[in-house]
Amino acid sequence: MKVVIAQMKHETNTYSPVPTPLSRFATGGGVPLEGDAARAAYKGTGSAIAALIDLAEAAGAEIVIPVAGNAWPSGLVEDAAYEYMAGRICAAVAQGCDAVLLDLHGAMVTQTFEDGEGELLRRLRAIDAKVPIGVALDMHTNFYPAIADNATAVAGYQTYPHIDMYETGARAGKSIFALLAGQARPAMAWGNRPMLPHVMRQGSDDSPNRELQARCKAMERDGALCASVFVGFPNADIHNAGLSAVVVTNGDAALARRWCDELLDMAWAKRQDFVYPIEPLAQSMQRAQALADAAQPGAGPIVLLDHSDNCASGGTMDTMTVLGAMLDAGLKDAAAFAIFDPQAVQQMIAAGVGAQVTLSLGGKLDMPAIGLTGQPRTVSGRVKLVCDGRYKNFGPMARGETNDMGPTAVLDTGAVEIVVISNHTEPHDLAAFVAVGIDPSRKKFLMLKSRVHWRAGLRPLAGGIVECAGTGVCTSDYAMLDFKHVRRPIYPVDAM
Ligand SMILES: [Zn+2]
């Protein structure tokens with residue numbers, strides 16, 4: 001038996017000015033991993049592709065990995081990058097195989113295609129009309145019909161933060177191996193509702209997504225091969241952005257349809273609970289200080305979430321609004337993770353560890369799609385540390401995977417230790433702080449450019465949480481997104 005396994009993952013924020021060339025899909029630049037190098041890099045990690053590899057090995061299959069590309073979210077995927085990765089997957093399948101197992105995202109938008117995953121699957125189906133195709137997708141999938149039309153079985157993450165990537169790969173893969181063994185006939189139904197759940201209200205510890213995902217798990221206990229609700233990714237101005245569901249049963253198309261509709265009706269009934277009220281930033285700063293003043297000693301830091309500019313949703317990670325408000329408010333004993341500013345890192349490296357420097361920090365990237373220009377801020381401090389920015393996640397999210405922040409420096413203003421990085425990296429793992437010599441549990445305030453993923457590795461530390469509305473292309477304010485391509489009407493942009 002021969003199985004083609006591939007990864008091609010990107011969540012595209014169509015408002016982001018951050019480019020997405022092929023090198024973004026490769027740790028350390030260049031081209032993405034493939035073959036034995038990809039297998040060695042992902043084997044034993046918490047990724048979906050690791051589960052696909054394990055299942056294929058257990059089946060004694062010959063494994064071909066034409067590409068394993070995974071990029072932090074950013075703007076439109078360059079056509080050349082897409083054609084490289086999709087081309088390699090198609091070429092491998094054209095050589096002939098018994099199954100195709102894919103670790104995709106589900107919200108990839110390229111310069112040419114709104115639905116990068118559907119286009120890949122359409123091409124694969126044109127090459128081989130019969131080969132079973134199993135697909136693992138992110139919960140932030142913006143689902144298109146071409147995915148359901150051309151895949152055999154689809155499974156999505158059931159947790160946000162995403163701590164079940166491996167399990168999702170296993171659910172998608174097992175459906176396909178059961179089919180190959182003559183033990184299952186996957187029947188799939190999908191659908192969507194005209195609603196754009198806000199990312200800040202999508203956590204799977206929070207209602208209503210908690211109940212939606214619990215219902216998916218119950219359906220799987222009751223015999224569904226895979227049941228998934230995709231909360232969708234709203235920072236993408238494309239036709240099918242928003243909430244969807246897909247259910248795969250063993251041979252019962254009517255049941256798949258009924259269960260899928262049940263999930264969609266549940267979500268629609270709770271649509272108001274997916275709306276996010278925005279707190280003014282000045283109020284957030286006051287609240288943070290008050291929480292810190294009232295905290296018991298050792299309670300852990302007050303976490304300030306700069307959720308409008310997190311790179312795991314395509315943010316530039318260089319807006320200074322929230323960090324600037326912290327400095328202006330005089331918050332002390334704080335750490336900030338992180339500001340993306342390769343130029344400032346180089347200035348600090350040139351100055352040397354221990355040097356006093358004054359920098360124009362952040363704000364290097366304009367955001368024309370939301371009508372904002374970059375606003376740097378002059379910051380003075382001591383260069384505390386310089387490092388290469390590489391670390392492996394401790395887990396539970398993307399456990400064991402390598403992160404590469406690029407050249408990294410810590411600037412200590414006396415009030416805030418600011419981590420400054422050269423490659424986009426969202427803080428969701430304690431290892432990110434260990435890599436830069438900061439013990440976040442001992443800080444009074446912790447500013448994170450994150451929405452929900454920080455909870456994976458850092459939530460247990462928090463003594464309090466303040467969600468801070470700064471500026472950025474992950475803005476919580478739908479009015480700033482000025483949707484032109486999303487299907488209308490859609491809740492809550494339109495009254496429904
Ligand atoms: Zn996601």
# chains A, B, ... in the order shown; residues from 1 in each chain; ligands from 1

$ residues_near_ligand --ligand "ligand 1" --cutoff "10 Å" --atoms "only C-alpha atoms and all ligand atoms" --output "list in words"
His10, Glu11, Pro73, His105, Gly106, Ala107, Leu137, Asp138, Met139, His140, Thr141, Gly156, Tyr157, Thr159, Tyr160, Pro161, His162, Val199, Phe230, Val231, Gly232, Phe233, Ala312, Ser313, Val452 and His453 of chain A

$ write_last_selection --atoms "C-alpha atoms" --output "CSV table (one decimal), in the first residue's frame"
chain,number,residue,atom,x,y,z
A,10,HIS,CA,-2.1,28.8,6.1
A,11,GLU,CA,-4.8,30.9,7.6
A,73,PRO,CA,-1.1,33.5,9.3
A,105,HIS,CA,-5.9,24.6,7.3
A,106,GLY,CA,-9.1,25.4,5.5
A,107,ALA,CA,-8.8,29.2,5.4
A,137,LEU,CA,-8.7,21.0,9.0
A,138,ASP,CA,-8.3,23.8,11.5
A,139,MET,CA,-11.4,25.0,13.4
A,140,HIS,CA,-11.0,28.3,11.6
A,141,THR,CA,-11.8,26.8,8.3
A,156,GLY,CA,-11.7,19.5,12.0
A,157,TYR,CA,-10.1,20.5,15.3
A,159,THR,CA,-10.5,22.6,20.5
A,160,TYR,CA,-9.6,26.3,20.5
A,161,PRO,CA,-6.8,26.8,21.6
A,162,HIS,CA,-5.9,23.9,19.2
A,199,VAL,CA,-12.7,35.1,17.4
A,230,PHE,CA,-15.9,25.2,12.1
A,231,VAL,CA,-16.3,28.6,13.8
A,232,GLY,CA,-14.7,30.2,10.8
A,233,PHE,CA,-12.2,33.0,10.4
A,312,ALA,CA,-1.8,33.7,14.7
A,313,SER,CA,-4.6,35.7,13.0
A,452,VAL,CA,-7.2,32.6,22.6
A,453,HIS,CA,-4.2,30.4,21.8

$ closest_atom_pairs --of "range 356-448 of chain A" --to "range 314-332 of chain A" --cutoff "8 Å" --atoms "only C-alpha atoms" --output "tab-separated table"
residue	atom	partner	partner_atom	distance
A:Leu361	CA	A:Met320	CA	8.0
A:Gly362	CA	A:Asp318	CA	4.6
A:Gly363	CA	A:Thr319	CA	5.2
A:Lys364	CA	A:Asp318	CA	7.0
A:Leu365	CA	A:Thr316	CA	7.0
A:Gly374	CA	A:Thr319	CA	7.0
A:Gln375	CA	A:Thr319	CA	6.9
A:Pro376	CA	A:Met320	CA	6.7
A:Arg377	CA	A:Met320	CA	6.8
A:Gly414	CA	A:Lys332	CA	7.9
A:Ala415	CA	A:Lys332	CA	4.4
A:Val416	CA	A:Lys332	CA	6.4
A:His424	CA	A:Met317	CA	7.1
A:Lys444	CA	A:Lys332	CA	7.3
A:Phe445	CA	A:Lys332	CA	7.5
A:Met447	CA	A:Leu323	CA	7.5

$ closest_residue --among "A:Asp222, A:Asp404, A:Asp333, A:Asp494" --to "Asp439 in chain A" --atoms "only C-alpha atoms"
A:Asp333

$ closest_residue --among "A:Val247, A:Leu102, A:Ala431, A:Ala355" --to "Leu121 in chain A" --atoms "only C-alpha atoms"
A:Leu102

$ residues_around --residues "Ala187 in chain A" --least-positions-apart "4" --cutoff "12 Å" --atoms "only C-alpha atoms" --output "ChimeraX atom specification"
/A:148-149,151-154,175-176,179,224-227,246-257,260

$ residues_around --residues "Pro396 in chain A" --least-positions-apart "4" --cutoff "12 Å" --atoms "only C-alpha atoms" --output "NGL selection string"
:A and (45-47 or 159-166 or 392 or 400-401 or 428-431 or 453-459)

$ write_last_selection --atoms "N, CA and C atoms" --output "PDB file, in the first residue's frame"
ATOM      1  N   THR A  45       5.408  14.615  17.159  1.00  0.00           N
ATOM      2  CA  THR A  45       4.888  15.911  17.601  1.00  0.00           C
ATOM      3  C   THR A  45       3.368  15.828  17.777  1.00  0.00           C
ATOM      4  N   GLY A  46       2.785  16.935  18.218  1.00  0.00           N
ATOM      5  CA  GLY A  46       1.338  16.984  18.422  1.00  0.00           C
ATOM      6  C   GLY A  46       0.581  17.439  17.195  1.00  0.00           C
ATOM      7  N   SER A  47       1.166  17.342  16.015  1.00  0.00           N
ATOM      8  CA  SER A  47       0.535  17.837  14.786  1.00  0.00           C
ATOM      9  C   SER A  47      -0.371  16.791  14.144  1.00  0.00           C
ATOM     10  N   THR A 159     -10.973  21.733  19.423  1.00  0.00           N
ATOM     11  CA  THR A 159     -10.539  22.581  20.535  1.00  0.00           C
ATOM     12  C   THR A 159      -9.963  23.888  20.009  1.00  0.00           C
ATOM     13  N   TYR A 160     -10.186  24.964  20.782  1.00  0.00           N
ATOM     14  CA  TYR A 160      -9.554  26.253  20.515  1.00  0.00           C
ATOM     15  C   TYR A 160      -9.256  26.868  21.865  1.00  0.00           C
ATOM     16  N   PRO A 161      -7.994  27.001  22.332  1.00  0.00           N
ATOM     17  CA  PRO A 161      -6.771  26.760  21.565  1.00  0.00           C
ATOM     18  C   PRO A 161      -6.675  25.322  21.036  1.00  0.00           C
ATOM     19  N   HIS A 162      -5.960  25.210  19.934  1.00  0.00           N
ATOM     20  CA  HIS A 162      -5.928  23.944  19.207  1.00  0.00           C
ATOM     21  C   HIS A 162      -4.955  22.969  19.864  1.00  0.00           C
ATOM     22  N   ILE A 163      -5.480  22.171  20.780  1.00  0.00           N
ATOM     23  CA  ILE A 163      -4.617  21.197  21.469  1.00  0.00           C
ATOM     24  C   ILE A 163      -4.967  19.767  21.049  1.00  0.00           C
ATOM     25  N   ASP A 164      -5.774  19.645  19.972  1.00  0.00           N
ATOM     26  CA  ASP A 164      -6.138  18.297  19.492  1.00  0.00           C
ATOM     27  C   ASP A 164      -5.811  18.128  18.012  1.00  0.00           C
ATOM     28  N   MET A 165      -4.712  18.744  17.593  1.00  0.00           N
ATOM     29  CA  MET A 165      -4.332  18.598  16.180  1.00  0.00           C
ATOM     30  C   MET A 165      -4.048  17.129  15.845  1.00  0.00           C
ATOM     31  N   TYR A 166      -3.291  16.471  16.744  1.00  0.00           N
ATOM     32  CA  TYR A 166      -2.940  15.061  16.504  1.00  0.00           C
ATOM     33  C   TYR A 166      -4.211  14.214  16.418  1.00  0.00           C
ATOM     34  N   LYS A 392      11.658  24.811  21.079  1.00  0.00           N
ATOM     35  CA  LYS A 392      10.647  23.763  20.828  1.00  0.00           C
ATOM     36  C   LYS A 392       9.526  23.912  21.826  1.00  0.00           C
ATOM     37  N   GLY A 400       6.168  19.854  20.800  1.00  0.00           N
ATOM     38  CA  GLY A 400       7.375  19.335  20.162  1.00  0.00           C
ATOM     39  C   GLY A 400       7.751  20.015  18.859  1.00  0.00           C
ATOM     40  N   GLU A 401       6.874  20.875  18.328  1.00  0.00           N
ATOM     41  CA  GLU A 401       7.217  21.551  17.070  1.00  0.00           C
ATOM     42  C   GLU A 401       8.195  22.690  17.335  1.00  0.00           C
ATOM     43  N   HIS A 428       2.065  31.062  22.808  1.00  0.00           N
ATOM     44  CA  HIS A 428       1.085  30.124  23.356  1.00  0.00           C
ATOM     45  C   HIS A 428       1.774  29.046  24.169  1.00  0.00           C
ATOM     46  N   ASP A 429       3.101  29.222  24.375  1.00  0.00           N
ATOM     47  CA  ASP A 429       3.870  28.162  25.016  1.00  0.00           C
ATOM     48  C   ASP A 429       4.881  28.786  25.973  1.00  0.00           C
ATOM     49  N   LEU A 430       5.009  28.190  27.139  1.00  0.00           N
ATOM     50  CA  LEU A 430       5.958  28.696  28.131  1.00  0.00           C
ATOM     51  C   LEU A 430       7.381  28.726  27.570  1.00  0.00           C
ATOM     52  N   ALA A 431       7.671  27.831  26.637  1.00  0.00           N
ATOM     53  CA  ALA A 431       9.022  27.766  26.066  1.00  0.00           C
ATOM     54  C   ALA A 431       9.422  29.081  25.403  1.00  0.00           C
ATOM     55  N   HIS A 453      -5.174  31.503  21.775  1.00  0.00           N
ATOM     56  CA  HIS A 453      -4.156  30.448  21.835  1.00  0.00           C
ATOM     57  C   HIS A 453      -3.243  30.528  23.052  1.00  0.00           C
ATOM     58  N   TRP A 454      -3.072  31.736  23.622  1.00  0.00           N
ATOM     59  CA  TRP A 454      -2.212  31.864  24.810  1.00  0.00           C
ATOM     60  C   TRP A 454      -2.680  30.953  25.935  1.00  0.00           C
ATOM     61  N   ARG A 455      -3.995  30.651  25.927  1.00  0.00           N
ATOM     62  CA  ARG A 455      -4.538  29.822  27.014  1.00  0.00           C
ATOM     63  C   ARG A 455      -3.890  28.435  27.037  1.00  0.00           C
ATOM     64  N   ALA A 456      -3.424  27.967  25.867  1.00  0.00           N
ATOM     65  CA  ALA A 456      -2.896  26.591  25.786  1.00  0.00           C
ATOM     66  C   ALA A 456      -1.797  26.380  26.820  1.00  0.00           C
ATOM     67  N   GLY A 457      -0.792  27.238  26.824  1.00  0.00           N
ATOM     68  CA  GLY A 457       0.349  27.004  27.708  1.00  0.00           C
ATOM     69  C   GLY A 457       0.482  28.002  28.840  1.00  0.00           C
ATOM     70  N   LEU A 458      -0.247  29.132  28.774  1.00  0.00           N
ATOM     71  CA  LEU A 458      -0.001  30.226  29.721  1.00  0.00           C
ATOM     72  C   LEU A 458      -1.182  30.554  30.626  1.00  0.00           C
ATOM     73  N   ARG A 459      -2.369  30.053  30.300  1.00  0.00           N
ATOM     74  CA  ARG A 459      -3.555  30.365  31.089  1.00  0.00           C
ATOM     75  C   ARG A 459      -3.400  30.019  32.574  1.00  0.00           C
TER      76      ARG A 459
END

$ residues_around --residues "Tyr276 in chain A" --least-positions-apart "2" --cutoff "7 Å" --atoms "only C-alpha atoms" --output "ChimeraX atom specification"
/A:198,200-201,274,278

$ write_last_selection --atoms "N, CA, C and O atoms" --output "PDB file, in the first residue's frame"
ATOM      1  N   HIS A 198     -17.324  35.935  16.430  1.00  0.00           N
ATOM      2  CA  HIS A 198     -16.119  36.696  16.710  1.00  0.00           C
ATOM      3  C   HIS A 198     -15.060  35.809  17.324  1.00  0.00           C
ATOM      4  O   HIS A 198     -15.368  34.991  18.196  1.00  0.00           O
ATOM      5  N   MET A 200     -12.799  36.328  19.482  1.00  0.00           N
ATOM      6  CA  MET A 200     -12.656  36.440  20.946  1.00  0.00           C
ATOM      7  C   MET A 200     -13.760  35.687  21.685  1.00  0.00           C
ATOM      8  O   MET A 200     -13.702  35.532  22.900  1.00  0.00           O
ATOM      9  N   ARG A 201     -14.782  35.252  20.963  1.00  0.00           N
ATOM     10  CA  ARG A 201     -15.873  34.492  21.582  1.00  0.00           C
ATOM     11  C   ARG A 201     -15.890  33.030  21.110  1.00  0.00           C
ATOM     12  O   ARG A 201     -16.885  32.353  21.279  1.00  0.00           O
ATOM     13  N   PHE A 274     -21.955  34.771  20.258  1.00  0.00           N
ATOM     14  CA  PHE A 274     -20.686  34.868  19.531  1.00  0.00           C
ATOM     15  C   PHE A 274     -20.314  36.328  19.223  1.00  0.00           C
ATOM     16  O   PHE A 274     -19.345  36.585  18.533  1.00  0.00           O
ATOM     17  N   ILE A 278     -16.685  45.464  22.683  1.00  0.00           N
ATOM     18  CA  ILE A 278     -15.321  46.013  22.762  1.00  0.00           C
ATOM     19  C   ILE A 278     -15.228  47.021  23.910  1.00  0.00           C
ATOM     20  O   ILE A 278     -16.023  47.955  24.002  1.00  0.00           O
TER      21      ILE A 278
END

$ residues_around --residues "Val4 in chain A" --least-positions-apart "3" --cutoff "12 Å" --atoms "only C-alpha atoms" --output "PyMOL selection string"
chain A and resi 1+7+34-35+49+52-53+56+61-68+88-103+124+131-135+173

$ residues_around --residues "range 293-300 of chain A" --least-positions-apart "5" --cutoff "10 Å" --atoms "only C-alpha atoms" --output "list in words"
Arg287, Ala288, Pro440, Ser441, Arg442, Lys443, Lys444, Phe445, Leu446, Pro460, Leu461, Ala462, Gly463 and Gly464 of chain A

$ write_last_selection --atoms "N, CA, C and O atoms" --output "PDB file, in the first residue's frame"
ATOM      1  N   ARG A 287      -8.556  49.044  34.564  1.00  0.00           N
ATOM      2  CA  ARG A 287      -9.008  47.774  35.126  1.00  0.00           C
ATOM      3  C   ARG A 287      -7.804  46.883  35.457  1.00  0.00           C
ATOM      4  O   ARG A 287      -7.783  46.211  36.495  1.00  0.00           O
ATOM      5  N   ALA A 288      -6.798  46.890  34.565  1.00  0.00           N
ATOM      6  CA  ALA A 288      -5.595  46.077  34.796  1.00  0.00           C
ATOM      7  C   ALA A 288      -4.897  46.524  36.079  1.00  0.00           C
ATOM      8  O   ALA A 288      -4.505  45.693  36.908  1.00  0.00           O
ATOM      9  N   PRO A 440       7.491  34.478  33.352  1.00  0.00           N
ATOM     10  CA  PRO A 440       6.259  35.270  33.300  1.00  0.00           C
ATOM     11  C   PRO A 440       5.438  35.179  34.579  1.00  0.00           C
ATOM     12  O   PRO A 440       4.691  36.100  34.902  1.00  0.00           O
ATOM     13  N   SER A 441       5.599  34.087  35.318  1.00  0.00           N
ATOM     14  CA  SER A 441       4.769  33.899  36.521  1.00  0.00           C
ATOM     15  C   SER A 441       5.117  34.920  37.599  1.00  0.00           C
ATOM     16  O   SER A 441       4.335  35.170  38.502  1.00  0.00           O
ATOM     17  N   ARG A 442       6.309  35.518  37.514  1.00  0.00           N
ATOM     18  CA  ARG A 442       6.742  36.456  38.549  1.00  0.00           C
ATOM     19  C   ARG A 442       6.520  37.909  38.144  1.00  0.00           C
ATOM     20  O   ARG A 442       6.894  38.826  38.878  1.00  0.00           O
ATOM     21  N   LYS A 443       5.935  38.140  36.972  1.00  0.00           N
ATOM     22  CA  LYS A 443       5.648  39.513  36.551  1.00  0.00           C
ATOM     23  C   LYS A 443       4.292  39.942  37.107  1.00  0.00           C
ATOM     24  O   LYS A 443       3.405  39.118  37.350  1.00  0.00           O
ATOM     25  N   LYS A 444       4.132  41.263  37.255  1.00  0.00           N
ATOM     26  CA  LYS A 444       2.837  41.784  37.700  1.00  0.00           C
ATOM     27  C   LYS A 444       1.877  41.880  36.515  1.00  0.00           C
ATOM     28  O   LYS A 444       0.676  41.639  36.658  1.00  0.00           O
ATOM     29  N   PHE A 445       2.451  42.226  35.334  1.00  0.00           N
ATOM     30  CA  PHE A 445       1.631  42.341  34.116  1.00  0.00           C
ATOM     31  C   PHE A 445       2.322  41.574  32.985  1.00  0.00           C
ATOM     32  O   PHE A 445       3.548  41.573  32.889  1.00  0.00           O
ATOM     33  N   LEU A 446       1.509  40.986  32.152  1.00  0.00           N
ATOM     34  CA  LEU A 446       2.036  40.245  31.012  1.00  0.00           C
ATOM     35  C   LEU A 446       1.224  40.648  29.793  1.00  0.00           C
ATOM     36  O   LEU A 446       0.027  40.358  29.719  1.00  0.00           O
ATOM     37  N   PRO A 460      -2.740  28.889  32.909  1.00  0.00           N
ATOM     38  CA  PRO A 460      -2.619  28.544  34.327  1.00  0.00           C
ATOM     39  C   PRO A 460      -1.841  29.576  35.144  1.00  0.00           C
ATOM     40  O   PRO A 460      -1.982  29.636  36.357  1.00  0.00           O
ATOM     41  N   LEU A 461      -1.029  30.399  34.473  1.00  0.00           N
ATOM     42  CA  LEU A 461      -0.223  31.392  35.198  1.00  0.00           C
ATOM     43  C   LEU A 461      -1.021  32.620  35.575  1.00  0.00           C
ATOM     44  O   LEU A 461      -0.651  33.352  36.500  1.00  0.00           O
ATOM     45  N   ALA A 462      -2.094  32.917  34.826  1.00  0.00           N
ATOM     46  CA  ALA A 462      -2.729  34.234  34.893  1.00  0.00           C
ATOM     47  C   ALA A 462      -3.447  34.465  36.214  1.00  0.00           C
ATOM     48  O   ALA A 462      -4.231  33.638  36.672  1.00  0.00           O
ATOM     49  N   GLY A 463      -3.188  35.615  36.830  1.00  0.00           N
ATOM     50  CA  GLY A 463      -3.927  36.020  38.012  1.00  0.00           C
ATOM     51  C   GLY A 463      -5.160  36.829  37.650  1.00  0.00           C
ATOM     52  O   GLY A 463      -6.047  37.030  38.476  1.00  0.00           O
ATOM     53  N   GLY A 464      -5.212  37.302  36.423  1.00  0.00           N
ATOM     54  CA  GLY A 464      -6.352  38.065  35.924  1.00  0.00           C
ATOM     55  C   GLY A 464      -6.181  38.279  34.432  1.00  0.00           C
ATOM     56  O   GLY A 464      -5.074  38.135  33.909  1.00  0.00           O
TER      57      GLY A 464
END

$ select_by_dssp --residues "range 64-182 of chain A" --states "helix (DSSP H, G or I)" --output "ChimeraX atom specification"
/A:79-94,116-127,145-150,165-180

$ atom_distance --atom1 "CA of Glu78 in chain A" --atom2 "CA of Pro17 in chain A"
12.4 Å

$ closest_atom_pairs --of "range 75-146 of chain A" --to "range 236-240 of chain A" --cutoff "7 Å" --atoms "only C-alpha atoms" --output "tab-separated table"
residue	atom	partner	partner_atom	distance
A:Glu114	CA	A:Ile238	CA	6.5
A:Asn142	CA	A:Asn240	CA	5.9
A:Phe143	CA	A:Asn240	CA	6.5
A:Tyr144	CA	A:Asn240	CA	6.4

$ closest_residue --among "A:Glu117, A:Glu426, A:Glu167, A:Asp36" --to "Ala48 in chain A" --atoms "only C-alpha atoms"
A:Glu167

$ closest_residue --among "A:Ser450, A:Met397, A:Val109, A:Leu22" --to "Leu305 in chain A" --atoms "only C-alpha atoms"
A:Ser450

$ closest_residue --among "A:Ile5, A:Val18, A:Ala155, A:Ala41" --to "Trp72 in chain A" --atoms "only C-alpha atoms"
A:Val18
